[in-house]
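Structure file protein_18.txt; described as compact mmCIF, C-alpha atoms.
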```
# COMPACT_ATOMS: atom_id res chain seq x y z
CA ASP I 56 86.95 83.43 99.54
CA LEU I 57 90.68 83.39 98.72
CA ASP I 58 90.66 79.63 98.14
CA THR I 59 87.95 79.28 95.52
CA TRP I 60 87.03 80.62 92.13
CA SER I 61 83.74 82.46 91.80
CA ALA I 62 81.08 80.56 89.84
CA PHE I 63 78.84 82.70 87.68
CA ARG I 64 78.04 83.37 84.02
CA HIS I 65 77.83 86.78 82.37
CA GLY I 66 76.73 86.98 78.75
CA ALA I 67 79.56 85.80 76.48
CA CYS I 68 81.76 85.27 79.52
CA SER I 69 82.26 81.74 80.84
CA ILE I 70 83.79 80.77 84.16
CA MET I 71 86.62 78.41 84.96
CA PRO I 72 85.79 75.47 87.22
CA ASN I 73 87.33 75.30 90.69
CA VAL I 74 91.12 75.17 90.75
CA ALA I 75 93.10 73.98 93.76
CA PRO I 76 94.51 76.88 95.80
CA ALA I 77 98.25 77.44 96.18
CA THR I 78 99.93 75.34 98.83
CA THR I 79 103.37 76.98 98.86
CA THR I 80 104.74 80.47 99.48
CA PRO I 81 105.98 82.12 96.27
CA SER I 82 109.73 81.78 95.81
CA ALA I 83 112.10 84.75 95.65
CA ALA I 84 114.55 82.84 93.44
CA PHE I 85 115.07 83.81 89.80
CA PRO I 86 116.83 80.80 88.25
CA PHE I 87 116.75 81.94 84.62
CA GLU I 88 119.50 82.71 82.13
CA SER I 89 119.43 86.26 80.80
CA LYS I 90 119.26 86.60 77.03
CA PHE I 91 119.50 89.70 74.88
CA VAL I 92 118.56 90.75 71.38
CA THR I 93 119.32 94.16 69.87
CA VAL I 94 116.32 96.13 68.64
CA ASN I 95 116.67 99.60 67.13
CA GLY I 96 120.13 99.89 68.67
CA GLU I 97 119.03 98.97 72.18
CA PRO I 98 119.41 95.65 74.08
CA MET I 99 116.13 93.93 74.89
CA HIS I 100 116.44 91.52 77.81
CA TYR I 101 114.37 88.36 78.12
CA VAL I 102 114.28 84.95 79.73
CA GLU I 103 112.64 81.82 78.43
CA GLN I 104 111.82 78.24 79.33
CA GLY I 105 110.07 75.38 77.57
CA ASN I 106 109.42 74.37 73.98
CA GLY I 107 106.56 74.70 71.56
CA LYS I 108 104.31 77.59 70.63
CA PRO I 109 105.26 80.91 72.26
CA ILE I 110 103.60 82.22 75.42
CA VAL I 111 104.80 85.80 75.81
CA LEU I 112 104.52 87.61 79.15
CA LEU I 113 104.40 91.43 79.18
CA HIS I 114 104.82 93.07 82.59
CA GLY I 115 103.49 96.36 83.90
CA LEU I 116 104.77 99.45 85.71
CA PRO I 117 107.11 99.57 87.66
CA VAL I 118 108.22 95.93 87.57
CA HIS I 119 110.18 93.71 85.16
CA VAL I 120 110.56 90.03 84.26
CA TYR I 121 111.09 89.14 87.93
CA VAL I 122 107.32 89.43 88.46
CA TRP I 123 106.83 86.25 86.37
CA ARG I 124 109.43 84.06 88.13
CA ASN I 125 106.92 81.71 89.80
CA VAL I 126 104.69 81.48 86.73
CA ILE I 127 107.28 80.72 84.05
CA PRO I 128 108.15 77.12 85.09
CA LEU I 129 104.48 76.18 85.41
CA LEU I 130 103.47 77.59 82.03
CA ALA I 131 106.56 76.04 80.40
CA GLU I 132 104.69 72.74 80.55
CA LYS I 133 102.48 74.14 77.78
CA GLY I 134 104.92 75.91 75.47
CA ARG I 135 107.91 78.20 75.02
CA VAL I 136 107.45 80.84 77.71
CA ILE I 137 109.16 84.16 76.99
CA ALA I 138 109.19 87.01 79.51
CA VAL I 139 110.66 90.25 78.15
CA ASP I 140 111.71 93.44 79.91
CA LEU I 141 109.99 96.29 78.10
CA HIS I 142 112.35 99.02 76.96
CA GLY I 143 113.40 101.13 79.94
CA PHE I 144 112.68 98.36 82.43
CA GLY I 145 114.78 95.63 84.02
CA LYS I 146 117.92 94.85 82.07
CA SER I 147 116.65 96.21 78.75
CA GLY I 148 118.11 99.41 77.33
CA LYS I 149 117.02 102.71 78.84
CA LYS I 150 118.13 105.33 76.31
CA LEU I 151 115.50 107.82 75.14
CA PRO I 152 116.09 109.15 71.61
CA GLY I 153 116.19 112.92 71.87
CA GLY I 154 115.76 112.61 75.64
CA LYS I 155 111.97 112.43 75.30
CA LEU I 156 109.60 109.50 75.63
CA ASP I 157 107.51 108.70 72.57
CA PHE I 158 104.72 106.10 72.39
CA ASP I 159 105.61 104.89 68.89
CA ILE I 160 109.31 104.60 69.65
CA GLU I 161 108.72 102.69 72.89
CA TYR I 162 106.19 100.41 71.22
CA GLY I 163 108.63 99.91 68.34
CA TYR I 164 111.08 98.15 70.66
CA LEU I 165 108.44 95.56 71.52
CA GLU I 166 107.32 95.13 67.92
CA GLY I 167 110.96 94.76 66.92
CA PHE I 168 111.50 92.20 69.67
CA PHE I 169 108.74 89.99 68.29
CA ALA I 170 110.23 90.32 64.81
CA ALA I 171 113.80 89.63 65.99
CA LEU I 172 112.70 86.36 67.61
CA ASN I 173 110.50 85.58 64.59
CA LEU I 174 107.52 84.89 66.87
CA SER I 175 104.14 83.85 65.54
CA ASP I 176 101.07 82.02 66.82
CA ILE I 177 101.59 83.85 70.12
CA LEU I 178 99.60 83.48 73.32
CA LEU I 179 99.96 86.95 74.83
CA VAL I 180 99.73 87.54 78.60
CA VAL I 181 99.44 91.23 79.44
CA GLN I 182 99.16 93.62 82.39
CA ASP I 183 99.31 97.39 82.92
CA ILE I 184 101.61 99.19 80.43
CA GLY I 185 102.36 95.77 78.95
CA SER I 186 98.69 95.59 77.99
CA VAL I 187 98.78 98.96 76.21
CA PHE I 188 101.67 97.91 73.98
CA GLY I 189 100.53 94.28 73.86
CA PHE I 190 96.94 95.03 72.84
CA HIS I 191 98.20 97.48 70.20
CA TYR I 192 100.48 94.77 68.84
CA ALA I 193 97.67 92.19 68.85
CA HIS I 194 95.33 94.60 67.08
CA THR I 195 97.85 95.43 64.36
CA HIS I 196 99.28 91.88 64.05
CA ALA I 197 96.20 89.77 64.73
CA GLU I 198 97.49 87.08 62.39
CA ASN I 199 100.32 86.41 64.89
CA ILE I 200 98.05 85.97 67.93
CA ARG I 201 96.28 82.79 68.99
CA GLY I 202 94.89 84.00 72.32
CA LEU I 203 94.99 86.71 74.99
CA VAL I 204 95.33 86.53 78.78
CA LEU I 205 94.54 89.83 80.46
CA PHE I 206 94.51 91.20 83.99
CA GLU I 207 94.86 94.64 85.56
CA CYS I 208 94.98 96.00 82.04
CA VAL I 209 94.04 99.06 79.99
CA ALA I 210 91.23 97.52 77.97
CA ARG I 211 89.38 100.75 77.18
CA PRO I 212 90.25 104.46 77.06
CA ILE I 213 91.07 105.95 80.48
CA GLU I 214 88.41 108.58 81.12
CA ASP I 215 87.26 110.39 84.26
CA LYS I 216 83.70 109.20 83.79
CA ASN I 217 84.84 105.61 84.40
CA LEU I 218 87.11 106.37 87.37
CA GLU I 219 86.57 106.68 91.08
CA PHE I 220 87.54 110.07 92.54
CA SER I 221 90.75 108.75 94.09
CA ASP I 222 91.77 107.23 90.76
CA ARG I 223 91.15 110.53 88.96
CA ILE I 224 93.55 112.22 91.37
CA ALA I 225 96.15 109.44 91.04
CA ASN I 226 96.05 109.61 87.25
CA ARG I 227 96.74 113.33 87.36
CA VAL I 228 99.57 113.02 89.87
CA VAL I 229 101.51 110.42 87.84
CA ARG I 230 101.15 112.64 84.76
CA SER I 231 102.29 115.79 86.55
CA SER I 232 105.68 117.23 87.46
CA ALA I 233 105.26 115.55 90.86
CA SER I 234 106.02 112.22 89.20
CA TYR I 235 109.67 113.31 88.91
CA LEU I 236 109.95 113.52 92.68
CA ILE I 237 107.84 110.42 93.35
CA ALA I 238 109.40 108.10 90.77
CA ARG I 239 112.91 109.41 90.15
CA VAL I 240 114.03 111.14 93.34
CA PHE I 241 112.33 109.04 96.00
CA ASN I 242 111.85 105.86 93.91
CA GLY I 243 108.30 105.75 95.26
CA PHE I 244 106.85 103.62 92.49
CA VAL I 245 109.21 100.77 93.35
CA SER I 246 109.61 101.16 97.12
CA GLY I 247 106.03 102.25 97.80
CA PHE I 248 103.66 101.14 95.08
CA ILE I 249 104.90 97.58 94.55
CA PRO I 250 104.45 96.38 98.16
CA SER I 251 101.16 98.28 98.48
CA ALA I 252 99.75 96.52 95.40
CA ILE I 253 100.35 92.98 96.71
CA LEU I 254 98.34 91.25 99.44
CA ARG I 255 101.21 89.38 101.06
CA LYS I 256 104.36 90.96 102.47
CA LEU I 257 107.34 90.74 100.15
CA SER I 258 110.66 89.55 101.54
CA LYS I 259 113.75 91.75 101.59
CA GLU I 260 115.21 89.58 98.82
CA GLU I 261 112.16 90.18 96.65
CA MET I 262 112.24 93.93 97.20
CA ARG I 263 115.96 94.01 96.38
CA ALA I 264 115.26 92.20 93.12
CA TYR I 265 112.55 94.68 92.15
CA SER I 266 114.77 97.64 93.07
CA GLU I 267 117.97 96.42 91.40
CA PRO I 268 117.29 97.78 87.86
CA PHE I 269 116.52 101.27 89.20
CA PRO I 270 119.48 102.31 91.42
CA ASP I 271 119.50 106.04 90.58
CA LYS I 272 117.49 108.88 89.05
CA GLU I 273 118.82 108.29 85.54
CA SER I 274 117.72 104.65 85.54
CA ARG I 275 114.19 105.64 86.60
CA VAL I 276 113.34 107.96 83.71
CA ILE I 277 110.87 105.47 82.26
CA LEU I 278 108.98 105.24 85.57
CA SER I 279 108.14 108.94 85.65
CA SER I 280 107.63 109.27 81.89
CA ILE I 281 105.64 106.27 80.71
CA PRO I 282 102.31 107.29 82.33
CA GLN I 283 102.42 110.56 80.41
CA VAL I 284 102.25 108.82 77.03
CA VAL I 285 99.22 106.73 78.00
CA ALA I 286 96.21 108.87 77.13
CA LEU I 287 93.91 110.29 79.82
CA ASN I 288 90.65 111.88 78.65
CA GLY I 289 91.81 111.74 75.04
CA LYS I 290 95.24 113.32 75.51
CA PRO I 291 97.82 112.78 74.09
CA ALA I 292 95.71 112.30 70.98
CA ALA I 293 98.12 109.88 69.29
CA SER I 294 98.02 107.25 72.03
CA ALA I 295 94.31 107.94 72.65
CA ALA I 296 93.57 106.93 69.07
CA LYS I 297 95.56 103.72 69.40
CA ILE I 298 93.88 102.75 72.69
CA ALA I 299 90.42 103.50 71.27
CA ALA I 300 91.19 101.43 68.17
CA TYR I 301 92.45 98.36 70.02
CA SER I 302 89.62 98.63 72.55
CA LYS I 303 87.08 98.48 69.74
CA TRP I 304 88.96 95.53 68.22
CA LEU I 305 88.91 93.68 71.55
CA THR I 306 85.10 93.80 71.49
CA GLU I 307 84.98 92.49 67.92
CA THR I 308 87.61 89.78 67.68
CA SER I 309 86.64 86.19 68.41
CA LEU I 310 90.15 85.31 69.62
CA PRO I 311 89.89 83.33 72.87
CA LYS I 312 90.51 85.49 75.93
CA LEU I 313 91.12 84.68 79.58
CA PHE I 314 90.43 87.45 82.09
CA PHE I 315 91.64 87.43 85.70
CA LYS I 316 89.99 89.81 88.13
CA GLY I 317 90.40 90.55 91.82
CA SER I 318 88.71 92.81 94.33
CA PRO I 319 89.14 95.70 94.71
CA GLY I 320 91.80 95.71 91.98
CA PHE I 321 93.77 98.77 90.96
CA LEU I 322 93.46 99.47 87.24
CA VAL I 323 90.45 97.21 86.83
CA LYS I 324 87.79 98.08 89.36
CA GLU I 325 84.29 96.60 89.39
CA ASN I 326 82.85 98.78 86.61
CA THR I 327 85.73 98.09 84.23
CA ALA I 328 85.58 94.36 84.96
CA ALA I 329 81.86 94.45 84.16
CA TRP I 330 82.60 96.27 80.89
CA ILE I 331 85.16 93.65 79.90
CA GLU I 332 82.79 90.80 80.68
CA ALA I 333 79.87 92.41 78.88
CA ASN I 334 81.73 93.46 75.74
CA MET I 335 84.48 90.97 74.92
CA ARG I 336 83.61 87.92 72.85
CA ASN I 337 84.87 84.41 73.61
CA LEU I 338 85.92 85.48 77.11
CA THR I 339 86.53 83.28 80.11
CA THR I 340 86.75 84.90 83.55
CA VAL I 341 88.66 83.76 86.62
CA ASP I 342 87.68 85.61 89.81
CA LEU I 343 90.57 85.38 92.28
CA GLY I 344 88.59 86.93 95.13
CA LYS I 345 90.74 89.45 96.98
CA GLY I 346 93.30 91.01 94.69
CA LEU I 347 95.11 94.28 94.07
CA HIS I 348 97.45 94.64 91.08
CA PHE I 349 100.25 92.06 90.91
CA PHE I 350 98.25 88.83 90.91
CA THR I 351 101.28 86.71 90.05
CA GLU I 352 102.80 87.60 93.43
CA ASP I 353 99.74 86.48 95.38
CA TYR I 354 98.36 83.69 93.18
CA PRO I 355 101.14 82.26 90.96
CA GLU I 356 99.94 78.66 91.10
CA GLU I 357 96.29 79.56 90.62
CA PHE I 358 97.20 81.95 87.81
CA ALA I 359 99.29 79.44 85.87
CA GLY I 360 96.90 76.57 86.63
CA ALA I 361 93.92 78.42 85.23
CA ILE I 362 95.85 79.38 82.09
CA LYS I 363 96.90 75.78 81.48
CA GLU I 364 93.38 74.47 81.96
CA TRP I 365 91.97 77.17 79.67
CA MET I 366 94.60 76.39 77.04
CA ASN I 367 93.53 72.75 77.07
CA GLU I 368 89.86 73.70 76.84
CA LYS I 369 90.44 76.08 73.91
CA LYS I 370 92.97 73.76 72.22
CA LEU I 371 95.70 76.42 72.33
CA VAL I 372 98.61 74.10 73.15
```
Show how you would write the structure in this file as structure tokens.
Amino acid sequence: DLDTWSAFRHGACSIMPNVAPATTTPSAAFPFESKFVTVNGEPMHYVEQGNGKPIVLLHGLPVHVYVWRNVIPLLAEKGRVIAVDLHGFGKSGKKLPGGKLDFDIEYGYLEGFFAALNLSDILLVVQDIGSVFGFHYAHTHAENIRGLVLFECVARPIEDKNLEFSDRIANRVVRSSASYLIARVFNGFVSGFIPSAILRKLSKEEMRAYSEPFPDKESRVILSSIPQVVALNGKPAASAAKIAAYSKWLTETSLPKLFFKGSPGFLVKENTAAWIEANMRNLTTVDLGKGLHFFTEDYPEEFAGAIKEWMNEKKLV
């Protein structure tokens, strides 16, 4: 049922009580002032609203801070909400040192962003590639993190044994030379994947906003390159080691965690959701019912409402 939360208990996983469903259509407006900070010679773009302890939002592929527009004002009631464009995305810098994408260099822009803003006691909200860099940051800077909100994330190593056949094929395609044509020439990740990963139909204004940062092949380098640095079946070894390490940490840390799931999902299908619920300590689950990948486009009010209620319950304000 799209209008109710599921009610069940799974080991260390607790369930949020019913939250009122959304009553309004998500807005296309983006009424936020752009801010920039220079990190490792590149501009990092972000927007913020509210005061208090930081709530940092890390987007996925192939979107940018626009994906959080309907969530930011609601969460700002509970703290200083900061949504940052990862390097290569949105209005952040897009230069690749040496012309080649490197996991450590790309992650370094995010780590430097946190340092530049002197952020601590962070509530981290992560999805997709934002979860890879965000979980790695949380693992290596656990003293700076007060809680984690996760959805459609890379919580464990990506391996064929955990994937459906169609997902095995998709993971190979985005890591192949075909990704150049799909992402850079035809802009398929933006024009095709984004609307296919949302339940409702996006407006022309919304699609224009998502497309704006990627007008040509040069601006889309990150879209075709970033999947290749996220390990599949243990390769590349460097990122595989980092993902394995933070995955192990996620099962050990007692930091409070809030997990949103939807069916059928995209990155997090039923077996991965079950793994998260069975293995992560101090975890609360919110089942949104039907859901694909960009939950904040289909359930912004429910998403923010559940986070605020969970923050109150866990005394994270």
Open item on the list: Just to confirm, what's the straight-line distance from CA of Phe244 in chain I to CA of Gly185 in chain I in Å (one decimal)?
Closed with: 16.3 Å
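Distance-wise, CA of Asp157 in chain I and CA of Asn199 in chain I end up 24.6 Å apart.
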Please, which residues in range 227-295 of chain I fall within 12 Å of range 121-124 of chain I when counting only C-alpha atoms, and what is the closest atom pair and distance in Å to one decimal for each, ordered by chain then residue number, as JSON lines?
```
{"residue": "I:Ile249", "atom": "CA", "partner": "I:Val122", "partner_atom": "CA", "distance": 10.5}
{"residue": "I:Ile253", "atom": "CA", "partner": "I:Val122", "partner_atom": "CA", "distance": 11.4}
{"residue": "I:Leu257", "atom": "CA", "partner": "I:Val122", "partner_atom": "CA", "distance": 11.8}
{"residue": "I:Glu260", "atom": "CA", "partner": "I:Tyr121", "partner_atom": "CA", "distance": 11.7}
{"residue": "I:Glu261", "atom": "CA", "partner": "I:Tyr121", "partner_atom": "CA", "distance": 8.8}
{"residue": "I:Met262", "atom": "CA", "partner": "I:Tyr121", "partner_atom": "CA", "distance": 10.5}
{"residue": "I:Arg263", "atom": "CA", "partner": "I:Tyr121", "partner_atom": "CA", "distance": 10.9}
{"residue": "I:Ala264", "atom": "CA", "partner": "I:Tyr121", "partner_atom": "CA", "distance": 7.3}
{"residue": "I:Tyr265", "atom": "CA", "partner": "I:Tyr121", "partner_atom": "CA", "distance": 7.1}
{"residue": "I:Ser266", "atom": "CA", "partner": "I:Tyr121", "partner_atom": "CA", "distance": 10.6}
{"residue": "I:Glu267", "atom": "CA", "partner": "I:Tyr121", "partner_atom": "CA", "distance": 10.6}
{"residue": "I:Pro268", "atom": "CA", "partner": "I:Tyr121", "partner_atom": "CA", "distance": 10.6}
```
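Among I:Thr306, I:Gln182, I:Ser232, I:Ser251, the residue with the shortest atom-to-atom distance to His194 in chain I, counting all atoms listed in the file, is I:Thr306.
The closest residue to Ser246 in chain I, picked from I:Met366, I:Asp222, I:Arg201, I:Phe269 and counting all atoms listed in the file, is I:Phe269.
If all atoms listed in the file are the atoms counted, then among I:Leu130, I:Ala299, I:Leu113, I:Val245 the closest residue to Pro355 in chain I is I:Leu130.
In terms of minimum interatomic distance to Ala296 in chain I, I:Val284 ranks closest within I:Leu174, I:Leu218, I:Val284, I:Met99, counting all atoms listed in the file.
Using only C-alpha atoms, the residues found no farther than 9 Å from His191 in chain I, other than those of its own chain fewer than 4 positions away, are Tyr162, Ser186, Val187, Thr195, His196, Lys297, Ile298, Ala300, Tyr301 and Ser302 of chain I.
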Residues from the last selection, C-alpha atoms, saved as a PDB file, in the frame of the given file:
```pdb
ATOM      1  CA  TYR I 162     106.190 100.410  71.220  1.00  0.00           C
ATOM      2  CA  SER I 186      98.690  95.590  77.990  1.00  0.00           C
ATOM      3  CA  VAL I 187      98.780  98.960  76.210  1.00  0.00           C
ATOM      4  CA  THR I 195      97.850  95.430  64.360  1.00  0.00           C
ATOM      5  CA  HIS I 196      99.280  91.880  64.050  1.00  0.00           C
ATOM      6  CA  LYS I 297      95.560 103.720  69.400  1.00  0.00           C
ATOM      7  CA  ILE I 298      93.880 102.750  72.690  1.00  0.00           C
ATOM      8  CA  ALA I 300      91.190 101.430  68.170  1.00  0.00           C
ATOM      9  CA  TYR I 301      92.450  98.360  70.020  1.00  0.00           C
ATOM     10  CA  SER I 302      89.620  98.630  72.550  1.00  0.00           C
TER      11      SER I 302
END
```
Please tabulate, as a Markdown table, the residues of range 216-276 of chain I that come within 12 Å of range 137-142 of chain I, each with its closest pair of atoms and the distance in Å to one decimal, counting only C-alpha atoms and ordering rows by chain, then residue number upward.
```
| residue | atom | partner | partner_atom | distance |
| --- | --- | --- | --- | --- |
| I:Pro268 | CA | I:Asp140 | CA | 10.6 |
| I:Ser274 | CA | I:His142 | CA | 11.6 |
| I:Arg275 | CA | I:His142 | CA | 11.8 |
| I:Val276 | CA | I:His142 | CA | 11.2 |
```
Quick one: write out the picked residues with C-alpha atoms as a PDB file, in the frame of the given file?
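Below is the file out23.pdb, written as the result:
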```pdb
ATOM      1  CA  PRO I 268     117.290  97.780  87.860  1.00  0.00           C
ATOM      2  CA  SER I 274     117.720 104.650  85.540  1.00  0.00           C
ATOM      3  CA  ARG I 275     114.190 105.640  86.600  1.00  0.00           C
ATOM      4  CA  VAL I 276     113.340 107.960  83.710  1.00  0.00           C
TER       5      VAL I 276
END
```
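You can rank I:Leu203, I:Asn125, I:Arg255, I:Arg223 by their closest distance to Ala84 in chain I using all atoms listed in the file, and at the top of that list sits I:Asn125.
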TODO: Do a neighbour search on range 346-352 of chain I at 6 Å with only C-alpha atoms, toss out local chain neighbours closer than 6 positions, and write the hits as an MDAnalysis selection string.
DONE: chainID I and resid 252:253 317:318 320:321
Task: Contacts of Gly289 in chain I within 8 Å, all atoms listed in the file, excl. fewer than 6 positions in-chain, as a VMD selection string - done: chain I and resid 212 to 214 295 to 296
